[in-house]
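The file input_24.cif contains mmCIF, C-alpha atoms and all ligand atoms:
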data_model
#
loop_
_atom_site.label_atom_id
_atom_site.label_comp_id
_atom_site.auth_asym_id
_atom_site.auth_seq_id
_atom_site.Cartn_x
_atom_site.Cartn_y
_atom_site.Cartn_z
CA MET A 208 13.61 1.02 -17.42
CA ALA A 209 10.42 2.95 -18.18
CA ALA A 210 10.69 6.58 -19.17
CA THR A 211 10.14 9.12 -16.44
CA PRO A 212 8.57 12.55 -16.73
CA HIS A 213 12.01 14.11 -16.34
CA GLY A 214 13.56 11.87 -19.00
CA ASP A 215 16.09 10.15 -16.76
CA ALA A 216 15.93 7.49 -14.10
CA CYS A 217 14.35 8.79 -10.94
CA GLU A 218 16.67 9.94 -8.22
CA ILE A 219 14.85 8.59 -5.24
CA VAL A 220 15.15 9.27 -1.54
CA ARG A 221 13.85 6.62 0.83
CA ILE A 222 11.16 8.08 3.09
CA ALA A 223 9.95 4.98 4.93
CA THR A 224 11.01 1.39 5.53
CA SER A 225 9.57 -1.69 7.16
CA ASP A 226 10.36 -5.37 7.32
CA ILE A 227 8.46 -5.95 4.06
CA GLY A 228 9.73 -3.08 1.96
CA SER A 229 10.24 0.61 1.56
CA VAL A 230 8.77 3.78 0.13
CA ALA A 231 10.88 6.26 -1.77
CA LEU A 232 10.17 9.62 -3.38
CA CYS A 233 11.66 11.16 -6.51
CA HIS A 234 12.17 14.82 -5.83
CA GLN A 235 12.39 15.55 -9.55
CA CYS A 236 9.02 14.16 -10.72
CA GLY A 237 7.22 13.41 -7.44
CA THR A 238 6.76 9.74 -8.24
CA VAL A 239 6.33 7.60 -5.15
CA HIS A 240 8.09 4.24 -5.42
CA VAL A 241 6.64 1.47 -3.25
CA CYS A 242 8.99 -1.51 -3.06
CA LEU A 243 7.63 -4.74 -1.56
CA GLN A 244 10.30 -7.42 -1.49
CA CYS A 245 10.73 -8.34 -5.18
CA ILE A 246 8.18 -5.96 -6.70
CA SER A 247 8.23 -2.22 -7.16
CA LEU A 248 5.20 -0.05 -7.87
CA ARG A 249 5.19 3.59 -8.89
CA PHE A 250 2.42 6.01 -7.93
CA SER A 251 1.61 9.63 -8.51
CA PRO A 252 1.59 11.55 -5.23
CA SER A 253 -2.23 11.63 -5.18
CA ALA A 254 -2.51 7.90 -5.92
CA ALA A 255 0.04 7.16 -3.18
CA LEU A 256 -2.06 9.14 -0.72
CA SER A 257 -5.18 7.22 -1.79
CA LEU A 258 -3.32 3.94 -1.33
CA ALA A 259 -2.14 5.01 2.11
CA GLY A 260 -5.70 5.95 3.10
CA MET A 261 -7.03 2.62 1.89
CA LEU A 262 -4.36 0.68 3.80
CA GLU A 263 -5.03 2.75 6.91
CA GLU A 264 -8.72 1.87 6.74
CA ALA A 265 -7.86 -1.81 6.23
CA GLN A 266 -5.55 -1.62 9.26
CA ARG A 267 -8.37 -0.16 11.38
CA GLN A 268 -10.71 -2.94 10.29
CA LEU A 269 -8.13 -5.65 10.92
CA VAL A 270 -7.33 -4.34 14.41
CA LYS A 271 -11.03 -4.05 15.19
CA LEU A 272 -11.61 -7.60 13.98
CA ALA A 273 -8.61 -8.95 15.91
CA ASN A 274 -9.91 -7.38 19.12
CA GLN A 275 -13.36 -8.94 18.89
CA GLU A 276 -14.38 -12.18 20.53
CA PRO A 277 -14.05 -15.21 18.21
CA GLU A 278 -17.82 -15.80 18.16
CA THR A 279 -18.48 -12.22 17.09
CA ARG A 280 -15.63 -12.27 14.58
CA ASP A 281 -16.98 -15.41 12.91
CA SER A 282 -20.45 -13.92 12.55
CA LEU A 283 -19.23 -10.73 10.85
CA ASP A 284 -19.69 -10.46 7.13
CA LEU A 285 -16.66 -8.35 6.26
CA ALA A 286 -15.65 -10.27 3.17
CA THR A 287 -16.67 -8.94 -0.20
CA PRO A 288 -17.79 -11.34 -2.90
CA LEU A 289 -14.28 -11.01 -4.39
CA GLY A 290 -12.72 -11.77 -1.02
CA ARG A 291 -14.85 -14.85 -0.55
CA GLY A 292 -13.59 -16.20 -3.85
CA LEU A 293 -10.01 -15.98 -2.63
CA HIS A 294 -10.52 -18.24 0.38
ZN ZN B 301 11.41 10.85 -11.05
#
Step by step, read the file and then write its structure as structure tokens.
Amino acid sequence: MAATPHGDACEIVRIATSDIGSVALCHQCGTVHVCLQCISLRFSPSAALSLAGMLEEAQRQLVKLANQEPETRDSLDLATPLGRGLH
């Protein structure tokens, strides 16, 4: 296990759960632990807030896209060059 700022394993408290994972907080060092099925990522509090903001914006865009007519949705250019390479 990686060293923590407080020298011991984090003592985490789960603060959110969903069907794909959970988010937990260490009250000793403030590290935010994001667990998605078989992976776990650790963030500083500020990075966790940035991640949450980014996901919230993505959610808004996905809902907006899902609510548009198929013809309009197909004509939108929402994909980035990186995204295009993934499809
Ligand atoms: Zn900790």
Between A:Pro252, A:Gly237, A:Gly260, A:Pro277, single out the one closest to ligand ZN 301 (chain B), counting all atoms listed in the file.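 Selected residue with least distance to ligand ZN 301 (chain B): A:Gly237.
In this comparison, which uses all atoms listed in the file, the residue of A:Cys236, A:Val241, A:Met261, A:Ala223 approaching ligand ZN 301 (chain B) most closely is A:Cys236.
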Which protein, DNA or RNA residues have an atom within 10 Å of ligand ZN 301 (chain B), counting all atoms listed in the file, as a compact mmCIF listing (two decimals) with C-alpha atoms, in the frame of the given file?
# COMPACT_ATOMS: atom_id res chain seq x y z
CA ALA A 210 10.69 6.58 -19.17
CA THR A 211 10.14 9.12 -16.44
CA PRO A 212 8.57 12.55 -16.73
CA HIS A 213 12.01 14.11 -16.34
CA GLY A 214 13.56 11.87 -19.00
CA ASP A 215 16.09 10.15 -16.76
CA ALA A 216 15.93 7.49 -14.10
CA CYS A 217 14.35 8.79 -10.94
CA GLU A 218 16.67 9.94 -8.22
CA ILE A 219 14.85 8.59 -5.24
CA LEU A 232 10.17 9.62 -3.38
CA CYS A 233 11.66 11.16 -6.51
CA HIS A 234 12.17 14.82 -5.83
CA GLN A 235 12.39 15.55 -9.55
CA CYS A 236 9.02 14.16 -10.72
CA GLY A 237 7.22 13.41 -7.44
CA THR A 238 6.76 9.74 -8.24
CA VAL A 239 6.33 7.60 -5.15
CA HIS A 240 8.09 4.24 -5.42
CA ARG A 249 5.19 3.59 -8.89
What does the distance between CA of Leu269 (chain A) and CA of Gly228 (chain A) come to in Å, to one decimal place?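 Those two atoms sit 20.1 Å apart.
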Radius query 10 Å about (12.9, -7.9, -1.9), atoms used: only C-alpha atoms, as an MDAnalysis selection string: chainID A and resid 226:229 242:247
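The spacing separating CA of Ala273 (chain A) from CA of Leu258 (chain A) amounts to 22.2 Å.
Pairwise distance (CA of Ala231 (chain A), CA of Leu256 (chain A)) equals 13.3 Å.
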